[in-house]
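Enquirer: Just so it is clear, I am handing over target.cif, which has mmCIF, C-alpha atoms.
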```
data_work
loop_
_atom_site.label_atom_id
_atom_site.label_comp_id
_atom_site.auth_asym_id
_atom_site.auth_seq_id
_atom_site.Cartn_x
_atom_site.Cartn_y
_atom_site.Cartn_z
CA MET A 119 -20.72 -9.05 7.57
CA ALA A 120 -23.18 -11.68 6.47
CA GLY A 121 -26.54 -11.73 4.72
CA GLN A 122 -29.03 -9.21 6.02
CA ASP A 123 -26.43 -7.21 7.95
CA ALA A 124 -24.38 -6.59 4.78
CA SER A 125 -27.49 -5.68 2.83
CA THR A 126 -28.62 -3.25 5.54
CA MET A 127 -25.16 -1.65 5.70
CA ALA A 128 -24.96 -1.31 1.91
CA GLU A 129 -28.41 0.32 1.80
CA ALA A 130 -27.48 2.74 4.59
CA LEU A 131 -24.37 3.80 2.69
CA ARG A 132 -26.22 4.12 -0.62
CA ALA A 133 -28.77 6.53 0.89
CA PRO A 134 -26.37 9.51 1.07
CA GLY A 135 -25.02 8.66 -2.38
CA PHE A 136 -22.02 6.40 -1.75
CA ASP A 137 -21.26 3.74 -4.34
CA THR A 138 -21.34 0.42 -2.51
CA VAL A 139 -20.29 -3.09 -3.38
CA PRO A 140 -20.95 -5.54 -0.55
CA SER A 141 -18.22 -8.15 -0.36
CA PRO A 142 -18.47 -11.64 1.07
CA HIS A 143 -14.66 -11.64 1.44
CA ILE A 144 -13.95 -8.15 2.76
CA MET A 145 -10.82 -9.13 4.71
CA GLN A 146 -9.20 -10.54 1.57
CA ASP A 147 -10.23 -7.44 -0.36
CA MET A 148 -8.66 -5.25 2.31
CA TRP A 149 -5.37 -7.22 2.22
CA ASN A 150 -5.35 -6.97 -1.57
CA LYS A 151 -5.75 -3.20 -1.38
CA TRP A 152 -3.24 -2.88 1.46
CA SER A 153 -0.65 -4.79 -0.57
CA LEU A 154 -1.20 -2.42 -3.50
CA LEU A 155 -1.12 0.74 -1.36
CA ALA A 156 1.99 -0.33 0.56
CA SER A 157 3.80 -1.33 -2.63
CA LEU A 158 2.89 1.92 -4.37
CA GLY A 159 3.72 4.02 -1.32
CA THR A 160 7.05 2.28 -0.88
CA LEU A 161 8.17 2.67 -4.46
CA CYS A 162 7.12 6.33 -4.68
CA CYS A 163 8.32 7.46 -1.24
CA LEU A 164 11.59 5.56 -1.15
CA MET A 165 12.49 6.43 -4.75
CA ARG A 166 10.93 9.93 -4.64
CA ALA A 167 9.43 9.28 -8.06
CA ASN A 168 6.27 8.18 -9.83
CA VAL A 169 5.63 4.67 -11.14
CA GLY A 170 6.83 5.36 -14.67
CA GLU A 171 10.04 7.05 -13.55
CA VAL A 172 10.95 4.03 -11.42
CA ALA A 173 9.92 1.54 -14.12
CA ARG A 174 12.17 3.23 -16.69
CA LEU A 175 15.26 2.96 -14.49
CA ALA A 176 17.68 0.05 -14.72
CA GLY A 177 16.70 -2.17 -11.81
CA GLY A 178 13.43 -0.31 -11.29
CA THR A 179 11.09 -3.17 -12.12
CA ASP A 180 13.23 -5.56 -10.05
CA PHE A 181 12.75 -3.18 -7.12
CA VAL A 182 8.99 -3.08 -7.73
CA HIS A 183 8.76 -6.89 -7.92
CA ALA A 184 10.73 -7.27 -4.68
CA THR A 185 8.54 -4.72 -2.92
CA ILE A 186 5.34 -6.42 -4.06
CA LYS A 187 6.77 -9.79 -2.96
CA GLU A 188 7.38 -8.45 0.55
CA CYS A 189 3.83 -7.10 0.80
CA THR A 190 2.19 -10.23 -0.56
CA SER A 191 4.34 -12.46 1.66
CA ILE A 192 3.05 -10.62 4.73
CA ALA A 193 -0.54 -10.98 3.53
CA ALA A 194 -0.03 -14.71 2.99
CA ALA A 195 1.58 -15.15 6.41
CA ALA A 196 -1.42 -13.37 7.95
CA GLY A 197 -3.74 -15.85 6.25
CA TYR A 198 -4.76 -13.76 3.24
CA PRO A 199 -2.66 -14.84 0.26
CA LEU A 200 -3.29 -12.81 -2.86
CA ALA A 201 -4.49 -14.64 -5.96
CA ASP A 202 -2.04 -14.76 -8.85
CA ASP A 203 -4.29 -12.56 -11.01
CA THR A 204 -4.41 -9.94 -8.23
CA ILE A 205 -0.61 -9.97 -7.89
CA ASN A 206 -0.22 -9.78 -11.67
CA GLY A 207 -2.58 -6.79 -11.73
CA ILE A 208 -0.51 -5.00 -9.10
CA VAL A 209 2.70 -5.77 -11.00
CA LYS A 210 1.21 -4.51 -14.25
CA ARG A 211 -0.05 -1.32 -12.62
CA LEU A 212 3.27 -0.56 -10.89
CA THR A 213 5.63 -1.32 -13.78
CA GLN A 214 4.11 0.80 -16.57
CA PRO A 215 6.96 2.92 -17.95
CA ASP A 216 4.58 5.67 -19.10
CA SER A 217 2.60 5.86 -15.84
CA THR A 218 2.43 9.08 -13.84
CA LEU A 219 0.76 7.30 -10.90
CA THR A 220 1.93 8.28 -7.44
CA SER A 221 0.69 7.46 -3.97
CA SER A 222 -1.12 9.97 -1.79
CA MET A 223 1.59 9.34 0.80
CA PHE A 224 4.24 10.49 -1.69
CA ARG A 225 2.20 13.56 -2.63
CA ASP A 226 1.88 14.45 1.08
CA LEU A 227 5.60 13.85 1.61
CA SER A 228 6.47 16.05 -1.38
CA GLN A 229 4.41 18.87 0.13
CA GLY A 230 5.93 18.53 3.60
CA ALA A 231 2.62 17.33 5.02
CA PRO A 232 2.00 14.51 7.51
CA VAL A 233 2.06 11.05 5.96
CA GLU A 234 0.18 7.86 6.77
CA ALA A 235 3.45 6.01 7.24
CA GLN A 236 2.53 4.05 10.34
CA GLN A 237 -0.94 3.17 9.09
CA ILE A 238 0.21 1.82 5.74
CA ILE A 239 3.87 0.82 6.03
CA GLY A 240 4.66 0.68 9.76
CA ASP A 241 1.77 -1.59 10.68
CA LEU A 242 2.63 -3.92 7.82
CA VAL A 243 6.26 -4.13 9.03
CA THR A 244 5.03 -4.90 12.55
CA ARG A 245 2.84 -7.72 11.22
CA ALA A 246 5.76 -9.04 9.18
CA ARG A 247 7.88 -9.28 12.34
CA MET A 248 5.06 -11.11 14.15
CA HIS A 249 5.02 -13.69 11.35
CA GLY A 250 8.78 -13.88 10.82
CA VAL A 251 8.65 -12.39 7.32
CA ALA A 252 11.78 -10.52 6.23
CA THR A 253 11.05 -7.01 4.96
CA PRO A 254 14.29 -5.23 4.09
CA ILE A 255 12.61 -2.85 1.62
CA LEU A 256 9.53 -2.11 3.73
CA GLY A 257 11.71 -1.79 6.82
CA LEU A 258 13.89 0.77 5.08
CA THR A 259 10.81 2.64 3.88
CA ASP A 260 9.38 2.63 7.41
CA LEU A 261 12.66 3.98 8.82
CA ASN A 262 12.85 6.62 6.07
CA LEU A 263 9.30 7.83 6.71
CA ARG A 264 9.71 7.83 10.50
CA ALA A 265 12.83 9.98 10.06
CA TYR A 266 10.85 12.30 7.78
CA GLU A 267 8.08 12.60 10.39
CA LEU A 268 10.58 13.21 13.21
CA ARG A 269 12.24 15.99 11.25
CA ARG A 270 8.88 17.44 10.18
CA ASP A 271 7.54 17.40 13.74
CA SER A 272 10.64 19.12 15.10
CA ARG A 273 10.13 22.20 12.89
#
```
Mind turning the file's structure into structure tokens?
Expert:
Amino acid sequence: MAGQDASTMAEALRAPGFDTVPSPHIMQDMWNKWSLLASLGTLCCLMRANVGEVARLAGGTDFVHATIKECTSIAAAAGYPLADDTINGIVKRLTQPDSTLTSSMFRDLSQGAPVEAQQIIGDLVTRARMHGVATPILGLTDLNLRAYELRRDSR
């Protein structure tokens, strides 16, 4: 959204009290956030643990790095490569050994609720296939969450 349109949209959202930050590069911002959300959701849901619990395990940070690499490789293949400082920020956030951070998808899964698996993980895996990007970790997470949803829906 350019110029006046972005300003008008931001003002309309501010009126009811929303915090707004118009962005001239919204698609990149969305891919940055999607890479973070998918990485966080994958590590929490597949490991059934929070960030710190995974980071403290032998091999945990290697798993996190590989997951982030898959997500950022898909973003790059789609034309939205993440800047090194953005990737480093994601890595730092998802490898803190004292962190209790979890994803909302994991919290929903832990409560037996519906999860946003297809919106966050499944769609990313589909885009990876379209671009020929290998996603063994995301693919496994997608399969795991689809199995969860199938079992949940059959109850």
Enquirer: On this structure, the PyMOL selection byres ((chain A and resi 246-252) around 12) would catch which residues? List them as a list in words, sorted by chain and number.
Expert: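 Those residues are Ala184, Thr185, Lys187, Glu188, Cys189, Thr190, Ser191, Ile192, Ala193, Ala194, Ala195, Ala196, Gly197, Ile239, Gly240, Asp241, Leu242, Val243, Thr244, Arg245, Thr253, Pro254, Ile255, Leu256, Gly257 and Leu258 of chain A.
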Enquirer: Any chance you could work out the residue set of the PyMOL selection byres ((chain A and resi 165) around 12) here, as a PyMOL selection string?
Expert: chain A and resi 157-164+166-173+175+177-178+181-182+185+220-221+224+227-228+255+258-259+262-263
Enquirer: Go ahead and write the selection's residues with C-alpha atoms as a compact mmCIF listing (two decimals), in the frame of the given file.
Expert:
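Generated output (out-v3.txt):
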```
# COMPACT_ATOMS: atom_id res chain seq x y z
CA SER A 157 3.80 -1.33 -2.63
CA LEU A 158 2.89 1.92 -4.37
CA GLY A 159 3.72 4.02 -1.32
CA THR A 160 7.05 2.28 -0.88
CA LEU A 161 8.17 2.67 -4.46
CA CYS A 162 7.12 6.33 -4.68
CA CYS A 163 8.32 7.46 -1.24
CA LEU A 164 11.59 5.56 -1.15
CA ARG A 166 10.93 9.93 -4.64
CA ALA A 167 9.43 9.28 -8.06
CA ASN A 168 6.27 8.18 -9.83
CA VAL A 169 5.63 4.67 -11.14
CA GLY A 170 6.83 5.36 -14.67
CA GLU A 171 10.04 7.05 -13.55
CA VAL A 172 10.95 4.03 -11.42
CA ALA A 173 9.92 1.54 -14.12
CA LEU A 175 15.26 2.96 -14.49
CA GLY A 177 16.70 -2.17 -11.81
CA GLY A 178 13.43 -0.31 -11.29
CA PHE A 181 12.75 -3.18 -7.12
CA VAL A 182 8.99 -3.08 -7.73
CA THR A 185 8.54 -4.72 -2.92
CA THR A 220 1.93 8.28 -7.44
CA SER A 221 0.69 7.46 -3.97
CA PHE A 224 4.24 10.49 -1.69
CA LEU A 227 5.60 13.85 1.61
CA SER A 228 6.47 16.05 -1.38
CA ILE A 255 12.61 -2.85 1.62
CA LEU A 258 13.89 0.77 5.08
CA THR A 259 10.81 2.64 3.88
CA ASN A 262 12.85 6.62 6.07
CA LEU A 263 9.30 7.83 6.71
```
Enquirer: For a test of reading the model, state the distance in Å between atom CA of A:Gln229 and atom CA of A:Trp152, rounded to one decimal.
Expert: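 So the answer is 23.1 Å.
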Enquirer: Return the single residue from A:Val139, A:Ala176, A:Ala130, A:Leu200 that is closest to A:Ser153, with distances computed using all atoms listed in the file.
Expert: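 Ranking A:Val139, A:Ala176, A:Ala130, A:Leu200 by distance to A:Ser153, first place goes to A:Leu200.
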Enquirer: Return as a list of chain:residue names the set of residues that the PyMOL selection byres ((chain A and resi 140-148) around 7) yields on the displayed structure.
Expert: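 Written out, the selection comes to A:Ala124, A:Ala128, A:Thr138, A:Val139, A:Trp149, A:Asn150, A:Lys151, A:Trp152, A:Tyr198.
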Enquirer: Interatomic distance between atom CA of A:Pro215 and atom CA of A:Arg174?
Expert: 5.4 Å
Enquirer: Expressed in Å to a single decimal, how great is the separation between atom CA of A:Ile186 and atom CA of A:Asp202?
Expert: 12.1 Å
Enquirer: With all atoms listed in the file as the basis for distance, which of A:Leu261, A:Leu219, A:Met127, A:Ala133 is at the shortest distance from A:Gln236?
Expert: A:Leu261
Enquirer: With all atoms of stretch 224-227 of chain A from the file as input, state the centre and edge lengths in Å to one decimal of the axis-aligned box that has 5 Å extra on each side, as lines of an AutoDock Vina configuration file.
Expert:
```
center_x = 3.7
center_y = 12.5
center_z = -0.5
size_x = 13.7
size_y = 14.0
size_z = 14.2
```
